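Note: the block below is final_16.txt and it holds compact mmCIF, C-alpha atoms (C1' of nucleotides).
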```txt
# COMPACT_ATOMS: atom_id res chain seq x y z
CA MET A 1 84.96 -101.33 -42.16
CA THR A 2 81.82 -103.00 -43.49
CA PRO A 3 79.35 -102.94 -40.60
CA ALA A 4 78.98 -106.68 -40.10
CA PRO A 5 75.77 -107.75 -38.38
CA ALA A 6 76.32 -108.24 -34.67
CA ILE A 7 76.09 -111.74 -33.33
CA GLY A 8 72.73 -112.19 -31.71
CA GLU A 9 71.45 -109.12 -33.50
CA VAL A 10 69.96 -108.65 -36.89
CA GLY A 11 71.20 -106.00 -39.25
CA GLU A 12 72.72 -102.72 -38.20
CA TYR A 13 73.01 -101.40 -34.72
CA SER A 14 71.44 -97.99 -34.34
CA TRP A 15 71.52 -95.18 -31.84
CA HIS A 16 67.99 -96.17 -30.95
CA ASN A 17 68.97 -99.75 -30.22
CA ALA A 18 71.70 -98.49 -27.92
CA LYS A 19 69.22 -96.35 -25.99
CA GLN A 20 66.83 -99.24 -25.62
CA ARG A 21 69.54 -101.53 -24.39
CA LEU A 22 70.40 -99.02 -21.70
CA ARG A 23 66.81 -98.55 -20.58
CA ALA A 24 66.30 -102.28 -20.48
CA ALA A 25 69.30 -102.56 -18.20
CA GLY A 26 67.98 -99.81 -15.96
CA VAL A 27 70.76 -97.39 -16.83
CA ARG A 28 69.96 -93.81 -17.65
CA PRO A 29 70.80 -93.21 -21.32
CA THR A 30 72.98 -90.14 -21.41
CA ARG A 31 74.72 -89.02 -24.54
CA GLN A 32 78.05 -90.48 -23.43
CA ARG A 33 76.59 -93.81 -22.42
CA VAL A 34 74.65 -94.23 -25.61
CA THR A 35 77.81 -93.50 -27.53
CA LEU A 36 79.74 -96.12 -25.60
CA VAL A 37 77.04 -98.75 -25.99
CA TRP A 38 76.96 -98.04 -29.66
CA LEU A 39 80.74 -98.38 -29.96
CA LEU A 40 80.68 -101.56 -27.93
CA PHE A 41 77.82 -103.44 -29.52
CA ARG A 42 77.48 -102.29 -33.10
CA ASN A 43 79.85 -104.88 -34.52
CA GLY A 44 79.46 -108.02 -32.47
CA PRO A 45 81.46 -109.31 -29.53
CA ARG A 46 84.67 -107.59 -28.58
CA HIS A 47 87.12 -106.89 -25.79
CA VAL A 48 88.04 -103.37 -24.88
CA THR A 49 90.21 -101.52 -22.45
CA ALA A 50 89.14 -98.18 -21.04
CA GLU A 51 91.95 -96.51 -22.92
CA LEU A 52 90.87 -97.99 -26.25
CA LEU A 53 87.23 -97.01 -25.80
CA HIS A 54 88.29 -93.53 -24.81
CA GLU A 55 90.18 -93.15 -28.07
CA GLU A 56 87.34 -94.54 -30.12
CA ALA A 57 84.88 -92.12 -28.61
CA ALA A 58 87.19 -89.27 -29.48
CA LYS A 59 87.49 -90.52 -33.05
CA ALA A 60 83.71 -90.83 -33.22
CA ARG A 61 83.54 -87.11 -32.47
CA VAL A 62 82.02 -87.64 -29.04
CA PRO A 63 84.91 -86.96 -26.67
CA ILE A 64 84.33 -88.53 -23.27
CA SER A 65 86.66 -88.05 -20.36
CA LEU A 66 88.68 -91.08 -19.38
CA ALA A 67 87.25 -91.00 -15.87
CA THR A 68 83.74 -91.20 -17.27
CA VAL A 69 84.72 -94.11 -19.48
CA TYR A 70 85.90 -95.95 -16.39
CA ASN A 71 82.80 -95.09 -14.42
CA THR A 72 80.58 -96.12 -17.28
CA LEU A 73 82.39 -99.38 -17.88
CA HIS A 74 81.91 -100.30 -14.25
CA LYS A 75 78.29 -99.26 -14.29
CA PHE A 76 77.70 -101.36 -17.39
CA THR A 77 79.38 -104.30 -15.74
CA ALA A 78 77.19 -103.96 -12.66
CA ALA A 79 74.16 -103.74 -14.91
CA GLY A 80 75.12 -106.97 -16.65
CA LEU A 81 75.91 -105.42 -20.01
CA LEU A 82 79.58 -106.27 -19.78
CA ARG A 83 81.83 -108.81 -18.17
CA GLU A 84 85.09 -107.78 -16.61
CA VAL A 85 88.09 -109.90 -17.46
CA ALA A 86 91.15 -109.59 -15.27
CA VAL A 87 93.77 -111.79 -16.83
CA ASP A 88 96.98 -109.91 -16.49
CA GLY A 89 98.48 -107.59 -13.96
CA ARG A 90 98.54 -104.58 -16.23
CA GLN A 91 95.15 -103.58 -17.50
CA ARG A 92 91.58 -104.71 -17.32
CA TYR A 93 89.46 -105.83 -20.20
CA PHE A 94 85.74 -105.57 -20.60
CA ASP A 95 84.00 -108.16 -22.69
CA THR A 96 80.69 -107.62 -24.45
CA ASN A 97 80.16 -111.36 -24.32
CA THR A 98 78.76 -111.87 -20.83
CA SER A 99 78.30 -115.61 -21.07
CA GLU A 100 80.69 -118.18 -19.62
CA HIS A 101 83.57 -118.56 -21.98
CA HIS A 102 87.33 -118.42 -21.91
CA HIS A 103 90.17 -116.52 -23.49
CA PHE A 104 93.35 -116.56 -25.42
CA LEU A 105 95.84 -113.98 -24.23
CA ILE A 106 98.37 -112.99 -26.87
CA GLU A 107 101.45 -112.21 -24.85
CA ASP A 108 103.38 -109.95 -27.17
CA LEU A 109 100.42 -107.94 -28.38
CA ASN A 110 98.72 -107.96 -25.03
CA GLY A 111 95.42 -108.67 -26.68
CA LEU A 112 92.48 -110.90 -25.86
CA LEU A 113 90.61 -113.33 -28.09
CA ASP A 114 87.67 -115.53 -27.24
CA ALA A 115 88.60 -119.18 -27.02
CA PRO A 116 86.28 -121.12 -29.31
CA THR A 117 83.75 -122.91 -27.15
CA SER A 118 83.30 -125.41 -29.92
CA ASP A 119 86.50 -127.03 -28.71
CA LEU A 120 84.49 -127.89 -25.65
CA LEU A 121 86.72 -127.72 -22.66
CA ALA A 122 85.76 -129.55 -19.53
CA VAL A 123 86.73 -128.12 -16.21
CA ARG A 124 85.82 -130.19 -13.21
CA LEU A 125 85.28 -127.95 -10.20
CA PRO A 126 87.57 -128.76 -7.31
CA THR A 127 85.83 -128.56 -3.97
CA PRO A 128 86.31 -125.07 -2.57
CA PRO A 129 87.40 -124.59 1.04
CA ASP A 130 84.79 -124.68 3.77
CA GLY A 131 82.36 -121.79 3.78
CA TYR A 132 83.21 -120.67 0.27
CA GLU A 133 81.59 -121.26 -3.07
CA THR A 134 82.93 -120.97 -6.60
CA VAL A 135 81.24 -118.08 -8.33
CA ARG A 136 83.23 -118.04 -11.53
CA VAL A 137 85.87 -119.94 -13.42
CA ASP A 138 88.31 -118.19 -15.69
CA VAL A 139 90.53 -120.08 -18.05
CA VAL A 140 93.26 -118.22 -19.87
CA PHE A 141 95.39 -119.73 -22.60
CA ARG A 142 98.58 -117.76 -22.95
CA LEU A 143 99.73 -117.74 -26.54
CA ARG A 144 103.10 -117.02 -28.03
CA ARG A 145 103.99 -116.49 -31.64
CA LYS A 146 105.57 -119.61 -33.09
CA ARG A 147 108.18 -118.20 -35.42
CA GLU A 148 107.14 -115.80 -38.16
CA ALA A 149 104.47 -113.27 -37.27
CA ALA A 150 100.91 -114.23 -38.04
CA SER A 151 99.46 -111.17 -39.64
CA ARG A 152 95.85 -112.27 -39.29
CA ILE A 153 95.94 -111.90 -35.54
CA GLY A 154 96.69 -108.22 -35.55
CA VAL A 155 93.57 -107.69 -37.61
CA GLU A 156 91.39 -109.81 -35.36
CA LEU A 157 92.57 -108.00 -32.28
CA GLY A 158 91.80 -104.67 -33.80
CA GLY A 159 88.14 -105.54 -33.90
CA ASN A 160 88.00 -107.79 -30.91
CA MET B 1 104.51 -120.63 13.99
CA THR B 2 105.58 -124.27 14.17
CA PRO B 3 108.04 -124.71 11.32
CA ALA B 4 106.21 -127.38 9.36
CA PRO B 5 108.40 -129.39 6.99
CA ALA B 6 108.24 -128.01 3.49
CA ILE B 7 106.59 -130.12 0.85
CA GLY B 8 109.29 -131.80 -1.15
CA GLU B 9 111.81 -131.02 1.52
CA VAL B 10 112.75 -132.84 4.64
CA GLY B 11 113.04 -131.14 7.98
CA GLU B 12 113.99 -127.53 8.53
CA TYR B 13 115.08 -125.09 5.92
CA SER B 14 118.39 -123.48 6.72
CA TRP B 15 120.35 -120.50 5.55
CA HIS B 16 122.71 -122.96 3.93
CA ASN B 17 119.92 -124.62 2.00
CA ALA B 18 118.86 -121.25 0.71
CA LYS B 19 122.36 -120.47 -0.52
CA GLN B 20 122.59 -123.81 -2.27
CA ARG B 21 119.28 -123.34 -3.96
CA LEU B 22 120.48 -120.03 -5.34
CA ARG B 23 123.76 -121.42 -6.60
CA ALA B 24 121.98 -124.34 -8.20
CA ALA B 25 119.78 -121.86 -10.05
CA GLY B 26 122.79 -119.87 -11.17
CA VAL B 27 121.87 -116.83 -9.13
CA ARG B 28 124.49 -115.08 -7.08
CA PRO B 29 123.66 -115.56 -3.39
CA THR B 30 123.75 -112.12 -1.87
CA ARG B 31 122.58 -111.46 1.65
CA GLN B 32 119.24 -110.09 0.49
CA ARG B 33 118.57 -112.93 -1.91
CA VAL B 34 119.40 -115.59 0.61
CA THR B 35 117.02 -113.92 3.04
CA LEU B 36 114.23 -113.89 0.49
CA VAL B 37 114.76 -117.50 -0.51
CA TRP B 38 114.72 -118.44 3.12
CA LEU B 39 111.49 -116.53 3.72
CA LEU B 40 109.94 -118.07 0.62
CA PHE B 41 110.85 -121.71 1.00
CA ARG B 42 111.29 -122.44 4.66
CA ASN B 43 107.67 -123.39 5.23
CA GLY B 44 106.45 -125.08 2.11
CA PRO B 45 104.51 -123.71 -0.86
CA ARG B 46 103.11 -120.23 -0.65
CA HIS B 47 101.98 -117.23 -2.61
CA VAL B 48 103.45 -113.82 -1.96
CA THR B 49 103.19 -110.30 -3.19
CA ALA B 50 106.21 -108.04 -3.33
CA GLU B 51 104.70 -105.90 -0.61
CA LEU B 52 104.22 -108.84 1.71
CA LEU B 53 107.75 -110.15 1.24
CA HIS B 54 109.10 -106.69 1.80
CA GLU B 55 107.36 -106.52 5.17
CA GLU B 56 108.49 -109.99 6.14
CA ALA B 57 112.08 -109.16 5.41
CA ALA B 58 111.82 -106.09 7.58
CA LYS B 59 110.32 -108.14 10.41
CA ALA B 60 113.10 -110.68 9.97
CA ARG B 61 115.54 -107.87 10.70
CA VAL B 62 116.95 -107.84 7.18
CA PRO B 63 115.39 -104.75 5.64
CA ILE B 64 115.43 -104.93 1.85
CA SER B 65 114.27 -102.10 -0.35
CA LEU B 66 111.01 -102.67 -2.15
CA ALA B 67 112.71 -102.11 -5.50
CA THR B 68 115.16 -104.87 -4.73
CA VAL B 69 112.35 -107.19 -3.71
CA TYR B 70 110.77 -106.62 -7.10
CA ASN B 71 114.02 -107.11 -8.96
CA THR B 72 114.77 -110.25 -7.01
CA LEU B 73 111.32 -111.71 -7.50
CA HIS B 74 111.68 -111.26 -11.23
CA LYS B 75 115.16 -112.69 -11.25
CA PHE B 76 113.93 -115.71 -9.30
CA THR B 77 111.09 -116.17 -11.74
CA ALA B 78 113.48 -116.05 -14.70
CA ALA B 79 115.69 -118.58 -12.92
CA GLY B 80 112.77 -120.93 -12.47
CA LEU B 81 112.58 -120.64 -8.71
CA LEU B 82 109.20 -118.96 -8.79
CA ARG B 83 106.15 -118.80 -10.98
CA GLU B 84 104.38 -115.55 -11.59
CA VAL B 85 100.63 -115.60 -11.26
CA ALA B 86 98.67 -112.71 -12.71
CA VAL B 87 95.08 -113.37 -11.86
CA ASP B 88 93.64 -110.05 -10.92
CA GLY B 89 94.09 -106.55 -12.13
CA ARG B 90 95.60 -105.21 -8.94
CA GLN B 91 98.72 -106.96 -7.85
CA ARG B 92 100.91 -109.82 -8.93
CA TYR B 93 101.53 -112.96 -7.00
CA PHE B 94 104.61 -115.13 -7.00
CA ASP B 95 104.15 -118.80 -6.33
CA THR B 96 106.84 -121.06 -4.91
CA ASN B 97 105.09 -123.96 -6.56
CA THR B 98 106.41 -123.83 -10.11
CA SER B 99 104.54 -126.84 -11.40
CA GLU B 100 101.37 -126.69 -13.46
CA HIS B 101 98.49 -126.16 -11.11
CA HIS B 102 95.60 -123.80 -10.65
CA HIS B 103 94.22 -121.42 -8.10
CA PHE B 104 91.39 -120.33 -5.92
CA LEU B 105 91.08 -116.58 -5.68
CA ILE B 106 89.30 -115.43 -2.56
CA GLU B 107 87.54 -112.29 -3.68
CA ASP B 108 87.03 -110.44 -0.44
CA LEU B 109 90.41 -111.23 1.07
CA ASN B 110 92.21 -110.91 -2.23
CA GLY B 111 94.22 -113.99 -1.42
CA LEU B 112 95.37 -116.98 -3.43
CA LEU B 113 95.13 -120.66 -2.60
CA ASP B 114 96.30 -123.64 -4.61
CA ALA B 115 93.45 -125.60 -6.11
CA PRO B 116 93.85 -129.25 -5.12
CA THR B 117 95.12 -131.13 -8.13
CA SER B 118 93.64 -134.28 -6.66
CA ASP B 119 90.30 -133.10 -7.98
CA LEU B 120 91.87 -133.67 -11.36
CA LEU B 121 90.57 -131.08 -13.71
CA ALA B 122 90.69 -131.72 -17.38
CA VAL B 123 91.17 -128.83 -19.73
CA ARG B 124 91.07 -129.65 -23.39
CA LEU B 125 93.20 -127.22 -25.33
CA PRO B 126 91.31 -125.32 -27.97
CA THR B 127 93.27 -124.87 -31.17
CA PRO B 128 95.11 -121.57 -31.02
CA PRO B 129 95.00 -119.20 -33.98
CA ASP B 130 97.42 -119.70 -36.85
CA GLY B 131 101.04 -119.08 -36.03
CA TYR B 132 100.56 -119.15 -32.29
CA GLU B 133 101.06 -121.83 -29.70
CA THR B 134 99.68 -122.22 -26.20
CA VAL B 135 102.50 -121.83 -23.71
CA ARG B 136 100.49 -121.88 -20.51
CA VAL B 137 97.01 -122.43 -19.19
CA ASP B 138 95.79 -120.66 -16.11
CA VAL B 139 92.59 -121.62 -14.40
CA VAL B 140 91.25 -119.42 -11.64
CA PHE B 141 88.29 -120.29 -9.48
CA ARG B 142 86.86 -117.18 -7.96
CA LEU B 143 85.47 -117.90 -4.53
CA ARG B 144 83.00 -115.99 -2.45
CA ARG B 145 82.12 -116.51 1.17
CA LYS B 146 78.82 -118.35 1.46
CA ARG B 147 77.21 -116.69 4.44
CA GLU B 148 79.03 -116.75 7.75
CA ALA B 149 82.77 -116.13 7.62
CA ALA B 150 84.99 -119.18 7.42
CA SER B 151 87.69 -118.42 9.92
CA ARG B 152 90.03 -121.18 8.74
CA ILE B 153 90.68 -119.42 5.48
CA GLY B 154 92.18 -116.36 7.02
CA VAL B 155 94.72 -118.57 8.72
CA GLU B 156 95.57 -120.46 5.56
CA LEU B 157 96.08 -117.29 3.61
CA GLY B 158 98.41 -115.96 6.23
CA GLY B 159 100.81 -118.75 5.50
CA ASN B 160 100.04 -119.22 1.85
C1' DT C 1 139.28 -105.58 -9.19
C1' DT C 2 135.10 -105.51 -11.32
C1' DA C 3 130.70 -106.98 -12.98
C1' DG C 4 126.76 -107.23 -10.99
C1' DA C 5 123.52 -106.11 -6.87
C1' DT C 6 121.42 -102.75 -3.92
C1' DG C 7 118.97 -98.57 -2.23
C1' DC C 8 116.83 -94.51 -2.85
C1' DA C 9 113.92 -91.40 -4.98
C1' DA C 10 111.70 -90.14 -8.85
C1' DA C 11 109.06 -91.61 -12.90
C1' DT C 12 105.39 -94.40 -14.86
C1' DG C 13 100.88 -95.99 -16.03
C1' DG C 14 96.47 -97.69 -15.18
C1' DT C 15 92.73 -96.65 -12.29
C1' DT C 16 90.03 -93.97 -8.76
C1' DT C 17 88.25 -89.96 -6.33
C1' DG C 18 86.61 -85.16 -4.96
C1' DC C 19 84.16 -81.63 -6.28
C1' DA C 20 82.08 -78.10 -9.14
C1' DT C 21 79.19 -77.96 -13.21
C1' DG C 22 75.72 -80.11 -16.52
C1' DC C 23 71.96 -82.77 -18.07
C1' DG C 24 67.98 -86.35 -18.18
C1' DT C 25 63.65 -87.10 -16.15
C1' DA D 1 63.80 -78.62 -9.82
C1' DC D 2 66.15 -82.80 -8.41
C1' DG D 3 69.46 -86.14 -8.43
C1' DC D 4 72.41 -88.49 -10.89
C1' DA D 5 76.18 -87.98 -14.57
C1' DT D 6 80.22 -85.71 -16.26
C1' DG D 7 84.82 -83.55 -16.57
C1' DC D 8 88.91 -82.17 -14.78
C1' DA D 9 92.78 -82.53 -12.05
C1' DA D 10 94.71 -84.45 -8.37
C1' DA D 11 95.25 -88.61 -5.68
C1' DC D 12 96.48 -93.47 -5.56
C1' DC D 13 99.03 -97.56 -5.76
C1' DA D 14 101.66 -101.20 -7.66
C1' DT D 15 105.50 -101.47 -10.29
C1' DT D 16 109.72 -99.78 -12.85
C1' DT D 17 113.81 -97.09 -13.70
C1' DG D 18 118.12 -94.16 -13.28
C1' DC D 19 121.98 -93.65 -10.98
C1' DA D 20 125.32 -93.52 -7.35
C1' DT D 21 127.05 -96.67 -4.01
C1' DC D 22 128.27 -101.24 -2.32
C1' DT D 23 129.75 -106.22 -2.43
C1' DA D 24 130.48 -111.10 -3.80
C1' DA D 25 133.71 -113.54 -6.44
```
What would the structure in this file look like if it were written as structure tokens?
Amino acid sequence: MTPAPAIGEVGEYSWHNAKQRLRAAGVRPTRQRVTLVWLLFRNGPRHVTAELLHEEAAKARVPISLATVYNTLHKFTAAGLLREVAVDGRQRYFDTNTSEHHHFLIEDLNGLLDAPTSDLLAVRLPTPPDGYETVRVDVVFRLRRKREAASRIGVELGGN
Amino acid sequence: MTPAPAIGEVGEYSWHNAKQRLRAAGVRPTRQRVTLVWLLFRNGPRHVTAELLHEEAAKARVPISLATVYNTLHKFTAAGLLREVAVDGRQRYFDTNTSEHHHFLIEDLNGLLDAPTSDLLAVRLPTPPDGYETVRVDVVFRLRRKREAASRIGVELGGN
DNA sequence: TTAGATGCAAATGGTTTGCATGCGT
DNA sequence: ACGCATGCAAACCATTTGCATCTAA
């Protein structure tokens, strides 16, 4: 649990940073929201579900009701702090990486991983139907374990 | 409601065709299943939700319980007759087109459309993490209405 | 005859909502 | 003080499940 420096940030991520990020986004920094921002951004990019964040807040000694976690996640998304990723019919993920990028979906673990953009993938936009425009492209690579379990993945998902 | 010839099929789609398709797939052709196959394949490729199919069956005077519709849809998918498409967090779609292709998702109508494969889109596979293999790639183009409503779309969705 | 299919209702699970109370400005 | 934020429980909605009853082979 070494606090690795967040990508795009330098050094540790403080309570104060969290507050500033909220103000900058025009969101009122309440105790719960600051907590969530802190949990979300202190350790670099990650994907969370509402359920997971709810548990983490509890562990961090700042219990937040599940309903508030949902409300907050949506508010953050509207404010541009998060990106919603709807890849499977079950649950929704929220991604702290708001830039255009794509995902691996691990089927058995039901976890998300960023697809490396280094492996540049080219998607040519098909022409949308009349009167409509493409506002977003989501590419999901569904992964399945080859034969023996790859232990590394479990670890990566835990933090991502 | 002109019965357009199905793509890949010639002429009208009969009850008998439906039964054959089921037998060929190794699925026991019960009355309900034949009805569903008929509803699904008589008019070319389409996307359905369980709810929608359930209503159609009722209208077709062959009421089928919603639970059975779900069971059947899954059985069909396992038998390779359908392809499940999970693109948004709400509901699941089943696609009669089982080949590799991608989709337009109309945000406001919450409807699916096949993305024309003619506009050949190239997706370079990023290397999956150790021990995993990519089993499927889904590309979803989220569409939003430009300004004035495009009436044609509503029609297309009705049949697709 | 019998394994498998169906229907119903109840359970599930993620997400949303209504409303009374609390808190940031 | 004011208005938005929070918490709780109940509502919601798509989907699944358990079980008794049918039905295709």
* Tell me, as an NGL selection string, which residues lie within 10 Å of DG14 of chain C, counting only C-alpha atoms (C1' of nucleotides); anything in the same chain fewer than 5 positions away does not count. => (:A and (50-51 or 90-92)) or (:B and (89-90)) or (:D and (13-14))
Fitted chain A, least squares over ordered Cα pairs with chain B, as a tab-separated table (two decimals) with C-alpha atoms, keeping the file's coordinate frame:
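File superposed.tsv, as written:
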```tsv
chain	number	residue	atom	x	y	z
A	1	MET	CA	104.64	-120.92	14.21
A	2	THR	CA	105.97	-124.47	14.37
A	3	PRO	CA	108.38	-124.77	11.44
A	4	ALA	CA	106.54	-127.45	9.48
A	5	PRO	CA	108.71	-129.44	7.09
A	6	ALA	CA	108.51	-128.03	3.58
A	7	ILE	CA	106.83	-130.13	0.96
A	8	GLY	CA	109.47	-131.81	-1.12
A	9	GLU	CA	112.04	-131.08	1.55
A	10	VAL	CA	113.02	-132.94	4.64
A	11	GLY	CA	113.26	-131.24	7.98
A	12	GLU	CA	114.13	-127.61	8.50
A	13	TYR	CA	115.16	-125.16	5.88
A	14	SER	CA	118.47	-123.53	6.67
A	15	TRP	CA	120.42	-120.53	5.50
A	16	HIS	CA	122.77	-122.97	3.85
A	17	ASN	CA	119.99	-124.65	1.91
A	18	ALA	CA	118.88	-121.25	0.65
A	19	LYS	CA	122.39	-120.46	-0.58
A	20	GLN	CA	122.64	-123.78	-2.35
A	21	ARG	CA	119.31	-123.32	-4.03
A	22	LEU	CA	120.48	-120.00	-5.39
A	23	ARG	CA	123.78	-121.35	-6.68
A	24	ALA	CA	122.00	-124.26	-8.29
A	25	ALA	CA	119.77	-121.80	-10.10
A	26	GLY	CA	122.76	-119.77	-11.24
A	27	VAL	CA	121.85	-116.75	-9.14
A	28	ARG	CA	124.47	-115.01	-7.10
A	29	PRO	CA	123.64	-115.50	-3.41
A	30	THR	CA	123.69	-112.07	-1.85
A	31	ARG	CA	122.52	-111.46	1.66
A	32	GLN	CA	119.17	-110.09	0.50
A	33	ARG	CA	118.52	-112.92	-1.91
A	34	VAL	CA	119.36	-115.60	0.59
A	35	THR	CA	117.00	-113.96	3.02
A	36	LEU	CA	114.20	-113.92	0.49
A	37	VAL	CA	114.75	-117.53	-0.53
A	38	TRP	CA	114.71	-118.49	3.08
A	39	LEU	CA	111.46	-116.62	3.70
A	40	LEU	CA	109.92	-118.12	0.60
A	41	PHE	CA	110.87	-121.76	0.95
A	42	ARG	CA	111.31	-122.52	4.62
A	43	ASN	CA	107.70	-123.50	5.21
A	44	GLY	CA	106.45	-125.17	2.06
A	45	PRO	CA	104.52	-123.76	-0.87
A	46	ARG	CA	103.11	-120.28	-0.66
A	47	HIS	CA	101.96	-117.26	-2.62
A	48	VAL	CA	103.43	-113.87	-1.95
A	49	THR	CA	103.13	-110.34	-3.17
A	50	ALA	CA	106.15	-108.06	-3.29
A	51	GLU	CA	104.63	-105.94	-0.56
A	52	LEU	CA	104.14	-108.92	1.76
A	53	LEU	CA	107.68	-110.20	1.27
A	54	HIS	CA	109.03	-106.73	1.86
A	55	GLU	CA	107.28	-106.60	5.22
A	56	GLU	CA	108.44	-110.05	6.19
A	57	ALA	CA	112.03	-109.21	5.44
A	58	ALA	CA	111.75	-106.17	7.64
A	59	LYS	CA	110.27	-108.25	10.45
A	60	ALA	CA	113.07	-110.77	10.00
A	61	ARG	CA	115.50	-107.95	10.75
A	62	VAL	CA	116.88	-107.90	7.23
A	63	PRO	CA	115.32	-104.79	5.70
A	64	ILE	CA	115.34	-104.94	1.91
A	65	SER	CA	114.18	-102.10	-0.26
A	66	LEU	CA	110.92	-102.67	-2.08
A	67	ALA	CA	112.61	-102.10	-5.43
A	68	THR	CA	115.09	-104.86	-4.68
A	69	VAL	CA	112.28	-107.19	-3.68
A	70	TYR	CA	110.70	-106.61	-7.06
A	71	ASN	CA	113.95	-107.07	-8.92
A	72	THR	CA	114.71	-110.22	-6.99
A	73	LEU	CA	111.26	-111.69	-7.49
A	74	HIS	CA	111.62	-111.22	-11.22
A	75	LYS	CA	115.11	-112.64	-11.24
A	76	PHE	CA	113.90	-115.67	-9.31
A	77	THR	CA	111.07	-116.12	-11.75
A	78	ALA	CA	113.45	-115.99	-14.70
A	79	ALA	CA	115.68	-118.49	-12.95
A	80	GLY	CA	112.76	-120.89	-12.50
A	81	LEU	CA	112.57	-120.62	-8.73
A	82	LEU	CA	109.18	-118.96	-8.81
A	83	ARG	CA	106.12	-118.81	-10.98
A	84	GLU	CA	104.35	-115.55	-11.59
A	85	VAL	CA	100.60	-115.60	-11.27
A	86	ALA	CA	98.65	-112.73	-12.75
A	87	VAL	CA	95.05	-113.34	-11.86
A	88	ASP	CA	93.65	-109.98	-11.03
A	89	GLY	CA	94.18	-106.47	-12.24
A	90	ARG	CA	95.58	-105.18	-8.98
A	91	GLN	CA	98.69	-106.97	-7.86
A	92	ARG	CA	100.89	-109.81	-8.92
A	93	TYR	CA	101.51	-112.97	-7.00
A	94	PHE	CA	104.57	-115.14	-7.01
A	95	ASP	CA	104.14	-118.81	-6.34
A	96	THR	CA	106.84	-121.06	-4.94
A	97	ASN	CA	105.08	-123.97	-6.59
A	98	THR	CA	106.39	-123.81	-10.15
A	99	SER	CA	104.53	-126.83	-11.45
A	100	GLU	CA	101.32	-126.67	-13.47
A	101	HIS	CA	98.47	-126.15	-11.10
A	102	HIS	CA	95.56	-123.80	-10.64
A	103	HIS	CA	94.20	-121.39	-8.09
A	104	PHE	CA	91.37	-120.28	-5.95
A	105	LEU	CA	91.07	-116.52	-5.71
A	106	ILE	CA	89.26	-115.34	-2.59
A	107	GLU	CA	87.56	-112.19	-3.74
A	108	ASP	CA	87.02	-110.34	-0.50
A	109	LEU	CA	90.39	-111.14	1.02
A	110	ASN	CA	92.20	-110.86	-2.26
A	111	GLY	CA	94.18	-113.95	-1.45
A	112	LEU	CA	95.33	-116.95	-3.44
A	113	LEU	CA	95.07	-120.64	-2.60
A	114	ASP	CA	96.24	-123.61	-4.60
A	115	ALA	CA	93.38	-125.56	-6.11
A	116	PRO	CA	93.77	-129.19	-5.08
A	117	THR	CA	95.03	-131.12	-8.07
A	118	SER	CA	93.53	-134.22	-6.58
A	119	ASP	CA	90.20	-133.01	-7.91
A	120	LEU	CA	91.73	-133.63	-11.29
A	121	LEU	CA	90.47	-131.04	-13.67
A	122	ALA	CA	90.61	-131.69	-17.36
A	123	VAL	CA	91.14	-128.82	-19.70
A	124	ARG	CA	91.08	-129.67	-23.36
A	125	LEU	CA	93.25	-127.24	-25.30
A	126	PRO	CA	91.36	-125.35	-27.96
A	127	THR	CA	93.33	-124.95	-31.15
A	128	PRO	CA	95.20	-121.65	-31.00
A	129	PRO	CA	95.13	-119.27	-33.96
A	130	ASP	CA	97.54	-119.83	-36.82
A	131	GLY	CA	101.18	-119.21	-36.00
A	132	TYR	CA	100.66	-119.27	-32.26
A	133	GLU	CA	101.13	-121.94	-29.65
A	134	THR	CA	99.74	-122.30	-26.15
A	135	VAL	CA	102.54	-121.92	-23.65
A	136	ARG	CA	100.52	-121.95	-20.47
A	137	VAL	CA	97.03	-122.46	-19.15
A	138	ASP	CA	95.80	-120.66	-16.09
A	139	VAL	CA	92.59	-121.59	-14.40
A	140	VAL	CA	91.25	-119.36	-11.67
A	141	PHE	CA	88.28	-120.23	-9.50
A	142	ARG	CA	86.85	-117.08	-8.00
A	143	LEU	CA	85.43	-117.77	-4.58
A	144	ARG	CA	82.96	-115.84	-2.51
A	145	ARG	CA	82.05	-116.34	1.10
A	146	LYS	CA	78.76	-118.17	1.40
A	147	ARG	CA	77.18	-116.53	4.41
A	148	GLU	CA	79.03	-116.50	7.71
A	149	ALA	CA	82.77	-115.94	7.55
A	150	ALA	CA	84.93	-119.03	7.43
A	151	SER	CA	87.66	-118.33	9.90
A	152	ARG	CA	89.94	-121.11	8.69
A	153	ILE	CA	90.61	-119.35	5.43
A	154	GLY	CA	92.18	-116.31	6.97
A	155	VAL	CA	94.68	-118.57	8.66
A	156	GLU	CA	95.49	-120.49	5.51
A	157	LEU	CA	96.05	-117.33	3.56
A	158	GLY	CA	98.41	-116.01	6.15
A	159	GLY	CA	100.80	-118.83	5.43
A	160	ASN	CA	100.01	-119.35	1.81
```
* To do: Would you kindly identify which residues have an atom no farther than 7 Å from (91.0, -116.0, -17.9), using all atoms listed in the file and the file's own coordinates, and write them out as a list in words?
  =>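 Protein and nucleic acid residues near the point are Val85, Ala86, Val87, His102, His103, Asp138, Val139 and Val140 of chain A; Asp138 and Val139 of chain B.
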Closest atom pairs, residues of chain B within 12 Å of chain C, all atoms listed in the file, as a tab-separated table:
```
residue	atom	partner	partner_atom	distance
B:Val27	CA	C:DG4	C1'	10.9
B:Arg28	CA	C:DA5	C1'	9.0
B:Pro29	CA	C:DA5	C1'	10.1
B:Thr30	CA	C:DA5	C1'	7.8
B:Arg31	CA	C:DA5	C1'	10.1
B:Gln32	CA	C:DT6	C1'	8.8
B:Arg33	CA	C:DA5	C1'	9.8
B:Pro63	CA	C:DG7	C1'	10.6
B:Ile64	CA	C:DG7	C1'	8.3
B:Ser65	CA	C:DG7	C1'	6.2
B:Leu66	CA	C:DG7	C1'	9.0
B:Ala67	CA	C:DG7	C1'	7.9
B:Thr68	CA	C:DT6	C1'	6.7
B:Val69	CA	C:DT6	C1'	10.1
B:Tyr70	CA	C:DT6	C1'	11.8
B:Asn71	CA	C:DA5	C1'	9.8
B:Thr72	CA	C:DA5	C1'	9.7
B:Lys75	CA	C:DA5	C1'	11.5
B:Gly89	CA	C:DG14	C1'	9.7
B:Arg90	CA	C:DT15	C1'	9.6
```
